[in-house]
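See below for upload-v4.cif, which holds mmCIF, C-alpha atoms and all ligand atoms.
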data_my_file
#
loop_
_atom_site.label_atom_id
_atom_site.label_comp_id
_atom_site.auth_asym_id
_atom_site.auth_seq_id
_atom_site.Cartn_x
_atom_site.Cartn_y
_atom_site.Cartn_z
CA MET A 1450 92.51 82.72 106.26
CA PHE A 1451 88.84 82.81 107.26
CA GLY A 1452 88.11 82.08 110.90
CA GLY A 1453 91.87 81.83 111.46
CA LEU A 1454 91.76 78.30 110.07
CA CYS A 1455 94.78 77.28 108.02
CA THR A 1456 96.52 74.26 106.56
CA PRO A 1457 100.22 73.38 106.46
CA SER A 1458 100.30 74.37 102.80
CA ASP A 1459 98.72 77.77 103.58
CA LEU A 1460 101.43 78.41 106.15
CA ARG A 1461 104.10 77.19 103.75
CA ALA A 1462 102.84 79.57 101.05
CA ILE A 1463 102.98 82.48 103.49
CA ALA A 1464 106.47 81.46 104.62
CA ASP A 1465 107.63 81.22 101.00
CA VAL A 1466 106.39 84.74 100.27
CA ALA A 1467 108.06 86.04 103.44
CA ASP A 1468 111.37 84.44 102.39
CA LYS A 1469 111.15 85.58 98.78
CA TYR A 1470 110.54 89.23 99.66
CA ASN A 1471 112.68 89.40 102.83
CA VAL A 1472 109.82 90.33 105.15
CA PRO A 1473 111.55 91.77 108.24
CA GLU A 1474 108.88 90.99 110.83
CA MET A 1475 105.89 88.69 111.11
CA LYS A 1476 103.28 88.55 113.85
CA VAL A 1477 100.15 86.61 114.74
CA THR A 1478 97.28 89.10 115.07
CA GLY A 1479 94.44 89.34 117.55
CA GLY A 1480 92.04 88.85 114.64
CA GLN A 1481 93.67 85.47 113.90
CA ARG A 1482 95.64 86.41 110.82
CA ILE A 1483 99.34 86.74 110.07
CA ASP A 1484 100.87 90.19 109.76
CA MET A 1485 103.86 90.93 107.56
CA PHE A 1486 105.61 94.18 108.39
CA GLY A 1487 108.21 96.38 106.80
CA ILE A 1488 107.47 95.55 103.18
CA GLN A 1489 108.57 97.89 100.41
CA LYS A 1490 105.53 99.28 98.63
CA GLY A 1491 107.06 98.35 95.26
CA ASP A 1492 106.98 94.67 96.27
CA LEU A 1493 103.30 94.65 97.24
CA PRO A 1494 101.69 93.88 93.87
CA ALA A 1495 104.02 90.92 93.26
CA MET A 1496 103.57 89.65 96.81
CA TRP A 1497 99.81 89.84 96.48
CA LYS A 1498 99.99 88.00 93.21
CA ASP A 1499 101.82 85.13 94.91
CA LEU A 1500 99.47 85.19 97.91
CA SER A 1501 96.30 85.30 95.87
CA GLU A 1502 97.53 82.45 93.70
CA ALA A 1503 97.88 80.50 96.94
CA GLY A 1504 94.22 81.30 97.67
CA PHE A 1505 94.44 84.23 100.10
CA VAL A 1506 92.48 87.46 100.06
CA SER A 1507 93.56 90.74 101.59
CA GLY A 1508 92.53 91.27 105.21
CA HIS A 1509 91.48 94.90 104.67
CA THR A 1510 93.39 95.97 107.79
CA TYR A 1511 93.80 99.36 106.16
CA GLY A 1512 90.13 100.02 105.42
CA LYS A 1513 86.89 101.17 106.92
CA ALA A 1514 85.67 97.70 106.26
CA MET A 1515 84.89 94.25 107.57
CA ARG A 1516 88.09 92.99 109.20
CA THR A 1517 88.05 89.44 110.52
CA CYS A 1518 85.95 86.97 112.43
CA LYS A 1519 87.68 85.65 115.51
CA THR A 1520 86.64 82.13 116.47
CA CYS A 1521 87.37 79.54 119.11
CA VAL A 1522 87.68 75.84 118.26
CA GLY A 1523 84.13 75.09 119.35
CA ASP A 1524 82.64 71.63 119.76
CA THR A 1525 85.08 70.08 117.29
CA TRP A 1526 87.96 70.25 119.77
CA CYS A 1527 86.74 71.77 123.02
CA ARG A 1528 84.85 69.71 125.57
CA MET A 1529 82.82 72.76 126.56
CA GLY A 1530 81.80 73.56 123.00
CA THR A 1531 78.14 73.54 122.06
CA GLN A 1532 78.34 74.28 118.31
CA ASP A 1533 80.85 74.44 115.47
CA SER A 1534 81.98 78.01 116.17
CA THR A 1535 84.94 77.87 113.74
CA GLY A 1536 82.72 76.63 110.91
CA LEU A 1537 80.15 79.33 111.61
CA GLY A 1538 82.89 81.97 111.75
CA ILE A 1539 84.09 80.89 108.32
CA LYS A 1540 80.55 81.13 106.93
CA LEU A 1541 80.20 84.62 108.42
CA GLU A 1542 83.46 85.68 106.80
CA GLU A 1543 82.48 84.23 103.45
CA LEU A 1544 79.34 86.34 103.72
CA THR A 1545 80.95 89.59 104.83
CA TRP A 1546 84.53 89.76 103.51
CA GLY A 1547 85.32 92.74 101.37
CA SER A 1548 82.34 94.79 102.60
CA TRP A 1549 82.97 98.49 103.15
CA MET A 1550 81.60 99.97 106.36
CA PRO A 1551 81.35 103.38 108.06
CA HIS A 1552 84.28 102.28 110.21
CA LYS A 1553 86.17 99.08 110.92
CA TYR A 1554 83.93 96.15 111.69
CA LYS A 1555 84.84 93.03 113.62
CA LEU A 1556 83.09 89.73 114.22
CA ALA A 1557 83.62 86.82 116.57
CA VAL A 1558 82.03 83.47 117.35
CA SER A 1559 82.54 81.73 120.69
CA GLY A 1560 81.57 78.09 121.07
CA CYS A 1561 80.06 78.52 124.54
CA PRO A 1562 79.42 81.27 127.11
CA ARG A 1563 83.04 80.98 128.38
CA ASN A 1564 83.54 83.20 125.37
CA CYS A 1565 87.16 82.52 124.44
CA ALA A 1566 86.77 84.46 121.17
CA GLU A 1567 85.73 87.63 123.10
CA ALA A 1568 82.54 87.92 121.07
CA THR A 1569 81.03 90.43 123.50
CA ILE A 1570 83.43 93.22 122.58
CA LYS A 1571 82.89 92.92 118.82
CA ASP A 1572 80.65 94.81 116.43
CA PHE A 1573 78.70 91.62 115.84
CA GLY A 1574 79.38 88.69 118.14
CA VAL A 1575 77.88 85.22 118.38
CA VAL A 1576 77.90 83.16 121.55
CA CYS A 1577 76.87 79.55 120.92
CA VAL A 1578 74.68 77.78 123.48
CA GLU A 1579 73.15 74.30 123.55
CA SER A 1580 69.86 75.55 122.16
CA GLY A 1581 71.20 77.87 119.47
CA TYR A 1582 73.07 81.12 119.00
CA GLU A 1583 73.01 84.33 121.01
CA LEU A 1584 73.62 87.42 118.90
CA HIS A 1585 75.34 90.43 120.47
CA VAL A 1586 75.99 93.81 118.85
CA GLY A 1587 77.76 97.12 119.36
CA GLY A 1588 80.82 96.00 121.29
CA ASN A 1589 84.22 97.63 121.12
CA GLY A 1590 87.61 96.76 122.55
CA GLY A 1591 89.20 100.07 121.59
CA ILE A 1592 89.91 103.35 123.35
CA LYS A 1593 86.59 103.15 125.10
CA VAL A 1594 85.72 99.55 125.89
CA ARG A 1595 82.07 98.72 125.46
CA VAL A 1596 80.37 95.42 126.08
CA THR A 1597 77.85 94.37 123.44
CA ASP A 1598 74.10 94.60 123.83
CA PHE A 1599 72.16 91.37 123.52
CA LEU A 1600 70.19 91.51 120.28
CA THR A 1601 68.37 88.20 120.19
CA LYS A 1602 68.74 84.43 120.17
CA VAL A 1603 68.27 82.30 117.07
CA GLU A 1604 68.24 78.56 116.42
CA THR A 1605 70.08 77.93 113.16
CA GLU A 1606 73.26 79.02 111.39
CA GLU A 1607 71.15 80.28 108.48
CA GLU A 1608 69.41 82.69 110.83
CA VAL A 1609 72.76 83.88 112.22
CA LEU A 1610 73.88 84.71 108.68
CA GLU A 1611 70.63 86.52 107.88
CA TYR A 1612 70.71 88.59 111.07
CA CYS A 1613 74.37 89.40 110.51
CA GLY A 1614 73.70 90.59 106.95
CA ALA A 1615 70.70 92.63 108.09
CA PHE A 1616 72.51 94.20 111.04
CA SER A 1617 75.55 95.04 108.90
CA GLN A 1618 73.35 96.63 106.25
CA LEU A 1619 71.33 98.65 108.77
CA TYR A 1620 74.57 99.93 110.28
CA ARG A 1621 75.92 100.90 106.87
CA GLU A 1622 72.74 102.69 105.87
CA ASP A 1623 72.16 104.45 109.18
CA ALA A 1624 75.47 105.27 110.87
CA HIS A 1625 77.64 108.29 110.20
CA TYR A 1626 80.96 107.88 108.46
CA LEU A 1627 83.64 107.02 111.08
CA GLU A 1628 81.04 106.01 113.65
CA ARG A 1629 81.70 102.53 115.03
CA THR A 1630 78.76 100.34 115.98
CA ALA A 1631 79.27 101.06 119.70
CA PRO A 1632 78.58 104.84 119.52
CA TRP A 1633 75.99 104.23 116.79
CA VAL A 1634 74.00 101.83 118.99
CA GLU A 1635 74.21 104.34 121.84
CA ARG A 1636 73.13 107.21 119.63
CA VAL A 1637 70.14 105.60 117.94
CA GLY A 1638 69.23 103.20 120.75
CA LEU A 1639 68.98 99.42 120.75
CA LYS A 1640 65.22 99.72 120.52
CA LYS A 1641 65.35 101.14 117.03
CA ILE A 1642 67.72 98.38 115.90
CA LYS A 1643 65.54 95.67 117.41
CA LYS A 1644 62.51 97.20 115.77
CA ALA A 1645 64.18 97.14 112.36
CA ILE A 1646 65.66 93.65 112.63
CA ILE A 1647 63.78 91.57 115.19
CA ASP A 1648 60.19 92.83 115.08
CA ASP A 1649 59.98 93.40 111.35
CA GLU A 1650 60.79 90.16 109.57
CA GLU A 1651 60.13 91.61 106.13
CA ASN A 1652 62.48 94.50 106.77
CA ARG A 1653 65.17 92.14 108.08
CA LYS A 1654 64.95 90.06 104.91
CA ALA A 1655 65.05 93.18 102.75
CA LEU A 1656 68.13 94.51 104.59
CA HIS A 1657 69.87 91.16 104.20
CA ALA A 1658 68.95 91.03 100.50
CA ARG A 1659 70.47 94.50 99.99
CA PHE A 1660 73.61 93.37 101.79
CA LEU A 1661 73.91 90.38 99.45
CA ILE A 1662 73.43 92.54 96.36
CA SER A 1663 76.12 94.96 97.49
CA GLN A 1664 78.53 92.10 98.17
CA LYS A 1665 78.50 90.91 94.57
CA PRO A 1666 80.78 93.65 93.23
CA ALA A 1667 82.53 94.14 96.61
CA GLN A 1668 84.15 90.74 96.96
CA ILE A 1669 87.09 91.58 94.78
CA ASP A 1670 90.53 91.53 96.29
CA PRO A 1671 91.87 95.05 95.69
CA TRP A 1672 95.46 93.84 95.56
CA LYS A 1673 94.73 91.06 93.13
CA ALA A 1674 92.96 93.50 90.83
CA HIS A 1675 95.93 95.81 91.18
CA ALA A 1676 98.54 93.17 90.35
CA GLU A 1677 96.65 92.33 87.16
CA GLY A 1678 95.79 95.91 86.27
CA LYS A 1679 97.49 98.34 83.97
CA ASN A 1680 99.06 100.28 86.81
CA ALA A 1681 100.76 97.22 88.24
CA ASN A 1682 104.07 99.09 88.20
CA GLU A 1683 102.61 102.11 90.02
CA PHE A 1684 104.69 101.56 93.15
CA ILE A 1685 107.97 100.92 91.41
CA PRO A 1686 110.15 104.01 91.56
CA ILE A 1687 111.50 105.62 88.41
CA THR A 1688 115.24 106.10 88.82
CA ILE A 1689 117.02 108.94 87.06
CA GLU A 1690 120.72 109.86 86.77
CA MET B 159 121.26 125.76 85.89
CA SER B 160 118.64 123.10 85.36
CA ASP B 161 117.34 120.96 82.54
CA TRP B 162 114.10 119.27 81.70
CA ILE B 163 114.42 115.53 82.32
CA GLU B 164 112.18 113.03 80.57
CA ILE B 165 110.42 110.96 83.25
CA THR B 166 107.65 108.73 81.93
CA GLN B 167 104.52 108.60 79.79
CA LEU B 168 101.53 110.38 81.33
CA ASP B 169 99.59 107.07 81.29
CA GLU B 170 102.16 105.52 83.59
CA ILE B 171 100.98 107.78 86.40
CA PRO B 172 97.54 106.73 87.67
CA VAL B 173 94.85 109.41 87.79
CA LEU B 174 94.67 110.67 91.41
CA GLY B 175 97.80 108.63 91.98
CA SER B 176 101.52 109.11 92.04
CA ARG B 177 104.93 107.77 91.08
CA VAL B 178 108.20 108.12 92.91
CA VAL B 179 111.24 109.41 91.04
CA LYS B 180 114.54 108.48 92.68
CA THR B 181 117.37 110.89 92.06
CA ALA B 182 120.92 110.61 93.33
CA ASP B 183 120.05 112.43 96.55
CA GLU B 184 116.30 112.29 97.16
CA ASN B 185 112.91 110.89 96.26
CA ILE B 186 110.51 113.12 94.35
CA ALA B 187 106.78 112.35 94.28
CA ILE B 188 104.96 113.08 91.01
CA PHE B 189 101.19 113.39 91.21
CA ARG B 190 98.45 113.37 88.60
CA THR B 191 95.20 115.19 89.44
CA SER B 192 91.73 114.27 88.22
CA ASP B 193 92.06 116.85 85.41
CA ASP B 194 95.44 115.43 84.34
CA ARG B 195 97.64 118.14 85.79
CA ILE B 196 101.05 117.00 87.02
CA PHE B 197 102.79 118.22 90.18
CA ALA B 198 106.08 117.23 91.73
CA VAL B 199 107.17 117.69 95.34
CA LYS B 200 109.88 116.21 97.53
CA ASP B 201 108.52 112.89 98.84
CA ALA B 202 108.78 113.97 102.47
CA CYS B 203 106.09 115.55 104.57
CA PRO B 204 107.11 118.69 106.48
CA HIS B 205 105.63 117.15 109.62
CA LYS B 206 107.62 113.93 110.17
CA GLN B 207 108.92 113.10 106.70
CA GLY B 208 105.92 110.89 105.80
CA PRO B 209 105.93 109.52 102.22
CA LEU B 210 103.59 111.97 100.49
CA SER B 211 103.60 109.74 97.38
CA GLN B 212 101.51 107.26 99.37
CA GLY B 213 98.92 109.85 100.36
CA ILE B 214 95.56 110.77 98.87
CA VAL B 215 95.30 113.33 96.06
CA HIS B 216 92.33 115.71 96.19
CA GLY B 217 92.03 118.78 94.02
CA THR B 218 95.58 120.10 93.89
CA ALA B 219 96.52 118.95 97.37
CA ILE B 220 97.85 115.78 98.94
CA THR B 221 96.92 114.37 102.34
CA CYS B 222 99.87 112.74 104.06
CA PRO B 223 99.27 109.06 104.91
CA LEU B 224 100.83 109.33 108.37
CA HIS B 225 98.95 112.06 110.26
CA ASN B 226 96.69 113.69 107.68
CA TRP B 227 98.50 116.96 107.07
CA LYS B 228 97.38 118.51 103.81
CA ILE B 229 100.04 119.89 101.50
CA ASP B 230 99.38 122.19 98.57
CA LEU B 231 101.04 120.59 95.55
CA ALA B 232 101.74 123.85 93.75
CA SER B 233 103.49 125.62 96.63
CA GLY B 234 104.53 122.71 98.86
CA GLU B 235 103.03 124.59 101.82
CA ALA B 236 101.02 122.88 104.54
CA LEU B 237 97.35 123.90 104.43
CA GLY B 238 95.10 124.81 107.33
CA ALA B 239 96.51 125.31 110.80
CA ASP B 240 99.70 123.34 110.17
CA GLU B 241 102.94 125.07 109.29
CA GLY B 242 105.77 123.80 107.14
CA CYS B 243 106.67 123.21 103.53
CA THR B 244 108.35 120.74 101.24
CA ASN B 245 110.28 121.44 98.03
CA VAL B 246 108.38 121.73 94.77
CA TYR B 247 109.69 121.07 91.27
CA ASP B 248 108.57 122.30 87.86
CA THR B 249 106.85 119.80 85.60
CA LYS B 250 105.48 119.84 82.08
CA VAL B 251 103.71 117.41 79.78
CA GLU B 252 104.50 117.36 76.05
CA ASN B 253 103.19 114.76 73.62
CA ASN B 254 102.08 112.63 76.52
CA MET B 255 105.58 112.67 78.02
CA VAL B 256 106.11 114.01 81.54
CA TYR B 257 109.19 116.17 82.19
CA LEU B 258 110.67 117.28 85.47
CA ARG B 259 113.10 120.12 86.16
CA ILE B 260 115.55 119.57 89.00
CA PRO B 261 117.85 122.43 89.93
CA VAL B 262 121.56 121.54 89.75
CA ASP B 263 124.41 123.65 90.98
S1 LIG A 1701 84.37 79.57 124.13
FE1 LIG A 1701 83.70 77.63 125.03
S2 LIG A 1701 83.79 76.23 123.27
FE2 LIG A 1701 85.06 77.97 122.74
S3 LIG A 1701 87.12 77.36 123.36
FE3 LIG A 1701 86.20 78.57 125.02
S4 LIG A 1701 85.37 77.03 126.40
FE4 LIG A 1701 85.71 76.01 124.44
S1 LIG A 1702 104.43 112.99 108.54
FE1 LIG A 1702 102.93 113.84 107.25
S2 LIG A 1702 101.38 114.39 108.58
FE2 LIG A 1702 102.88 113.60 109.93
#
Kindly transcribe the structure held in the file into structure tokens.
Amino acid sequence: MFGGLCTPSDLRAIADVADKYNVPEMKVTGGQRIDMFGIQKGDLPAMWKDLSEAGFVSGHTYGKAMRTCKTCVGDTWCRMGTQDSTGLGIKLEELTWGSWMPHKYKLAVSGCPRNCAEATIKDFGVVCVESGYELHVGGNGGIKVRVTDFLTKVETEEEVLEYCGAFSQLYREDAHYLERTAPWVERVGLKKIKKAIIDDEENRKALHARFLISQKPAQIDPWKAHAEGKNANEFIPITIE
Amino acid sequence: MSDWIEITQLDEIPVLGSRVVKTADENIAIFRTSDDRIFAVKDACPHKQGPLSQGIVHGTAITCPLHNWKIDLASGEALGADEGCTNVYDTKVENNMVYLRIPVD
């Protein structure tokens, strides 16, 4: 459900799965997805089979990985909107889903500086303005709240995607395991990040290219692979006596 | 008294993974290490009864998925600073078949 966008048939497919497997509790998440709680582990492969047939991929809520991109409705539906923030959020998720990171990694795109998608407390946040896109990095809404640092402003969606790929790759190559972008940016300094991404165009393109290469084998839904794999019955208990 | 019970083919337990065996009174977690050794412990962490079968196997230990206690699979004892233990059961593999021995009274 990239960018939180969904259709009636998406919601129906989710509801059908919830009915079929007696999901005890469902919840709308802050990252604009739908949680299903209290599932028996033995049901997971079959549930994921149904969900992936309906076109969904796993949200990686359990991983040190890219999570979701929160978006507002942008200029499609909001009179304040300056750009298509939902559409850009979807493109960012198509680029980054499934990528493993040193820690969890969250994105957001707000359609104007009123910032309804809270882009300035995300690892990589975009705030749309009339003349383009402001890119913000190193935010965190967790135990220690940290507002993002302003990285730069770009003019096109293509540039947003390239800077996002490059920033994500730099973070993955440079940060320690379990270090979120907020402490990483504070440890290495924004200057170093700007130097690697803003000042050095060639390096930015190389970082983004490496990100794209690594995404080729990474964009596999782990649950889908599991449901089709030879250990599909792994979570089904063996009963004796 | 106790008897060897046939459980499943070795291949049915993923490497560095586990299966749960349900008996009349408890769940037993069976683990397979990277060198194909099999261990069985009660599927309940000594800390707060976390499902050890859903943890991460490393060497001959399991890390509990709930709060990261590490349990030695051979002894069932918590490793490091933590204290506690869970029951262990004898296992053997013969002709690719995994057997478990559960004490009965
Ligand atoms: S951030 Fe701006 S464009 Fe988006 S919903 Fe809020 S006011 Fe509208
Ligand atoms: S229940 Fe296993 S570590 Fe807490």
If we count all atoms listed in the file and set the cut-off at 10 Å, which residues sit around Ile1539 in chain A, ignoring sequence neighbours fewer than 2 positions away in its own chain? Please answer as a VMD selection string. chain A and resid 1450 to 1454 1517 to 1520 1534 to 1537 1541 to 1545 1558
Interface residues on chain A facing chain B, 6 Å, only C-alpha atoms, written as an MDAnalysis selection string: chainID A and resid 1686:1689
Could you please determine the separation between CA of Ile1463 in chain A and CA of Gln1489 in chain A in Å, to one decimal place?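 It comes out at 16.7 Å.
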Please define a box with edges along x, y and z of the file around all atoms of ligand LIG 1701 (chain A) given in the file, extend it by 5 Å on each side, and return its centre and edge lengths in Å to one decimal, as AutoDock Vina command-line options.
--center_x 85.4 --center_y 77.8 --center_z 124.6 --size_x 13.4 --size_y 13.6 --size_z 13.7
Selection within 10 Å of ligand LIG 1701 (chain A) by only C-alpha atoms and all ligand atoms, output as a compact mmCIF listing (two decimals) with C-alpha atoms, keeping the file's coordinate frame:
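The new file part14.txt reads:
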# COMPACT_ATOMS: atom_id res chain seq x y z
CA THR A 1520 86.64 82.13 116.47
CA CYS A 1521 87.37 79.54 119.11
CA VAL A 1522 87.68 75.84 118.26
CA GLY A 1523 84.13 75.09 119.35
CA ASP A 1524 82.64 71.63 119.76
CA THR A 1525 85.08 70.08 117.29
CA TRP A 1526 87.96 70.25 119.77
CA CYS A 1527 86.74 71.77 123.02
CA ARG A 1528 84.85 69.71 125.57
CA MET A 1529 82.82 72.76 126.56
CA GLY A 1530 81.80 73.56 123.00
CA THR A 1531 78.14 73.54 122.06
CA GLN A 1532 78.34 74.28 118.31
CA ASP A 1533 80.85 74.44 115.47
CA SER A 1534 81.98 78.01 116.17
CA THR A 1535 84.94 77.87 113.74
CA VAL A 1558 82.03 83.47 117.35
CA SER A 1559 82.54 81.73 120.69
CA GLY A 1560 81.57 78.09 121.07
CA CYS A 1561 80.06 78.52 124.54
CA PRO A 1562 79.42 81.27 127.11
CA ARG A 1563 83.04 80.98 128.38
CA ASN A 1564 83.54 83.20 125.37
CA CYS A 1565 87.16 82.52 124.44
CA ALA A 1566 86.77 84.46 121.17
CA GLU A 1567 85.73 87.63 123.10
CA ALA A 1568 82.54 87.92 121.07
CA VAL A 1576 77.90 83.16 121.55
CA CYS A 1577 76.87 79.55 120.92
CA VAL A 1578 74.68 77.78 123.48
Compile a residue-level contact table for chain B against ligand LIG 1702 (chain A) at a cut-off of 12 Å, reporting for every qualifying residue the shortest atom pair and its distance in Å to one decimal, with only C-alpha atoms and all ligand atoms counted, rows ordered by chain and ascending number, as a Markdown table.
| residue | atom | partner | partner_atom | distance |
| --- | --- | --- | --- | --- |
| B:Asp201 | CA | A:LIG1702 | FE1 | 10.1 |
| B:Ala202 | CA | A:LIG1702 | S1 | 7.5 |
| B:Cys203 | CA | A:LIG1702 | FE1 | 4.5 |
| B:Pro204 | CA | A:LIG1702 | FE1 | 6.4 |
| B:His205 | CA | A:LIG1702 | S1 | 4.5 |
| B:Lys206 | CA | A:LIG1702 | S1 | 3.7 |
| B:Gln207 | CA | A:LIG1702 | S1 | 4.9 |
| B:Gly208 | CA | A:LIG1702 | S1 | 3.8 |
| B:Pro209 | CA | A:LIG1702 | FE1 | 7.3 |
| B:Leu210 | CA | A:LIG1702 | FE1 | 7.0 |
| B:Ser211 | CA | A:LIG1702 | FE1 | 10.7 |
| B:Gln212 | CA | A:LIG1702 | FE1 | 10.4 |
| B:Gly213 | CA | A:LIG1702 | FE1 | 8.9 |
| B:Ile214 | CA | A:LIG1702 | FE1 | 11.6 |
| B:Ile220 | CA | A:LIG1702 | FE1 | 9.9 |
| B:Thr221 | CA | A:LIG1702 | S2 | 7.7 |
| B:Cys222 | CA | A:LIG1702 | FE1 | 4.6 |
| B:Pro223 | CA | A:LIG1702 | FE1 | 6.5 |
| B:Leu224 | CA | A:LIG1702 | FE2 | 5.0 |
| B:His225 | CA | A:LIG1702 | S2 | 3.8 |
| B:Asn226 | CA | A:LIG1702 | S2 | 4.8 |
| B:Trp227 | CA | A:LIG1702 | S2 | 4.1 |
| B:Lys228 | CA | A:LIG1702 | S2 | 7.5 |
| B:Ile229 | CA | A:LIG1702 | FE1 | 8.8 |
| B:Ala236 | CA | A:LIG1702 | S2 | 9.4 |
| B:Leu237 | CA | A:LIG1702 | S2 | 11.1 |
| B:Asp240 | CA | A:LIG1702 | S2 | 9.2 |
| B:Glu241 | CA | A:LIG1702 | S2 | 10.8 |
| B:Gly242 | CA | A:LIG1702 | FE1 | 10.4 |
| B:Cys243 | CA | A:LIG1702 | FE1 | 10.8 |
| B:Thr244 | CA | A:LIG1702 | FE1 | 10.6 |
Got time to write the residues from that selection, C-alpha atoms, as a PDB file, in the coordinates of the input?
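again-v7.pdb, freshly written:
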ATOM      1  CA  ASP B 201     108.520 112.890  98.840  1.00  0.00           C
ATOM      2  CA  ALA B 202     108.780 113.970 102.470  1.00  0.00           C
ATOM      3  CA  CYS B 203     106.090 115.550 104.570  1.00  0.00           C
ATOM      4  CA  PRO B 204     107.110 118.690 106.480  1.00  0.00           C
ATOM      5  CA  HIS B 205     105.630 117.150 109.620  1.00  0.00           C
ATOM      6  CA  LYS B 206     107.620 113.930 110.170  1.00  0.00           C
ATOM      7  CA  GLN B 207     108.920 113.100 106.700  1.00  0.00           C
ATOM      8  CA  GLY B 208     105.920 110.890 105.800  1.00  0.00           C
ATOM      9  CA  PRO B 209     105.930 109.520 102.220  1.00  0.00           C
ATOM     10  CA  LEU B 210     103.590 111.970 100.490  1.00  0.00           C
ATOM     11  CA  SER B 211     103.600 109.740  97.380  1.00  0.00           C
ATOM     12  CA  GLN B 212     101.510 107.260  99.370  1.00  0.00           C
ATOM     13  CA  GLY B 213      98.920 109.850 100.360  1.00  0.00           C
ATOM     14  CA  ILE B 214      95.560 110.770  98.870  1.00  0.00           C
ATOM     15  CA  ILE B 220      97.850 115.780  98.940  1.00  0.00           C
ATOM     16  CA  THR B 221      96.920 114.370 102.340  1.00  0.00           C
ATOM     17  CA  CYS B 222      99.870 112.740 104.060  1.00  0.00           C
ATOM     18  CA  PRO B 223      99.270 109.060 104.910  1.00  0.00           C
ATOM     19  CA  LEU B 224     100.830 109.330 108.370  1.00  0.00           C
ATOM     20  CA  HIS B 225      98.950 112.060 110.260  1.00  0.00           C
ATOM     21  CA  ASN B 226      96.690 113.690 107.680  1.00  0.00           C
ATOM     22  CA  TRP B 227      98.500 116.960 107.070  1.00  0.00           C
ATOM     23  CA  LYS B 228      97.380 118.510 103.810  1.00  0.00           C
ATOM     24  CA  ILE B 229     100.040 119.890 101.500  1.00  0.00           C
ATOM     25  CA  ALA B 236     101.020 122.880 104.540  1.00  0.00           C
ATOM     26  CA  LEU B 237      97.350 123.900 104.430  1.00  0.00           C
ATOM     27  CA  ASP B 240      99.700 123.340 110.170  1.00  0.00           C
ATOM     28  CA  GLU B 241     102.940 125.070 109.290  1.00  0.00           C
ATOM     29  CA  GLY B 242     105.770 123.800 107.140  1.00  0.00           C
ATOM     30  CA  CYS B 243     106.670 123.210 103.530  1.00  0.00           C
ATOM     31  CA  THR B 244     108.350 120.740 101.240  1.00  0.00           C
TER      32      THR B 244
END
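Summary of the local environment: counting only C-alpha atoms, residues at most 9 Å from Ala1514 in chain A, other than itself and those fewer than 4 positions away along its chain, are A:His1509, A:Thr1510, A:Trp1546, A:Gly1547, A:Ser1548, A:Trp1549, A:Met1550, A:Pro1551, A:His1552, A:Lys1553, A:Tyr1554, A:Lys1555.
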Hey, can you spit out that residue selection with C-alpha atoms as a compact mmCIF listing (two decimals), in the frame of the given file?
# COMPACT_ATOMS: atom_id res chain seq x y z
CA HIS A 1509 91.48 94.90 104.67
CA THR A 1510 93.39 95.97 107.79
CA TRP A 1546 84.53 89.76 103.51
CA GLY A 1547 85.32 92.74 101.37
CA SER A 1548 82.34 94.79 102.60
CA TRP A 1549 82.97 98.49 103.15
CA MET A 1550 81.60 99.97 106.36
CA PRO A 1551 81.35 103.38 108.06
CA HIS A 1552 84.28 102.28 110.21
CA LYS A 1553 86.17 99.08 110.92
CA TYR A 1554 83.93 96.15 111.69
CA LYS A 1555 84.84 93.03 113.62
Expressed in Å to a single decimal, how great is the separation between CA of Gly1491 in chain A and CA of Pro1457 in chain A? 28.2 Å
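Considering only C-alpha atoms, the residue among A:Val1634, A:Ile1570, A:Leu1656, A:Ala1503 positioned nearest to Thr1456 in chain A is A:Ala1503.
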Between B:Leu258, B:Val215, B:Val251, B:Glu235, which is the closest to Phe189 in chain B once you count all atoms listed in the file? B:Val215
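You will find CA of Thr1601 in chain A at 5.5 Å from CA of Leu1584 in chain A.
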Write out as an MDAnalysis selection string the residues lying within 6 Å of Ala198 in chain B, counting all atoms listed in the file and excluding same-chain residues fewer than 5 positions away. chainID B and resid 187:188 246:247
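For Gln167 in chain B, the list of residues within 8 Å, based on all atoms listed in the file and with local chain neighbours fewer than 4 positions off taken out, reads Ile171, Asn254, Met255 and Val256 of chain B.
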Which residues are near Val1609 in chain A? Cut-off 10 Å, all atoms listed in the file, ignore same chain within fewer than 6 positions. Put them as a VMD selection string. chain A and resid 1537 1540 to 1541 1575 1581 to 1584 1602 to 1603 1615
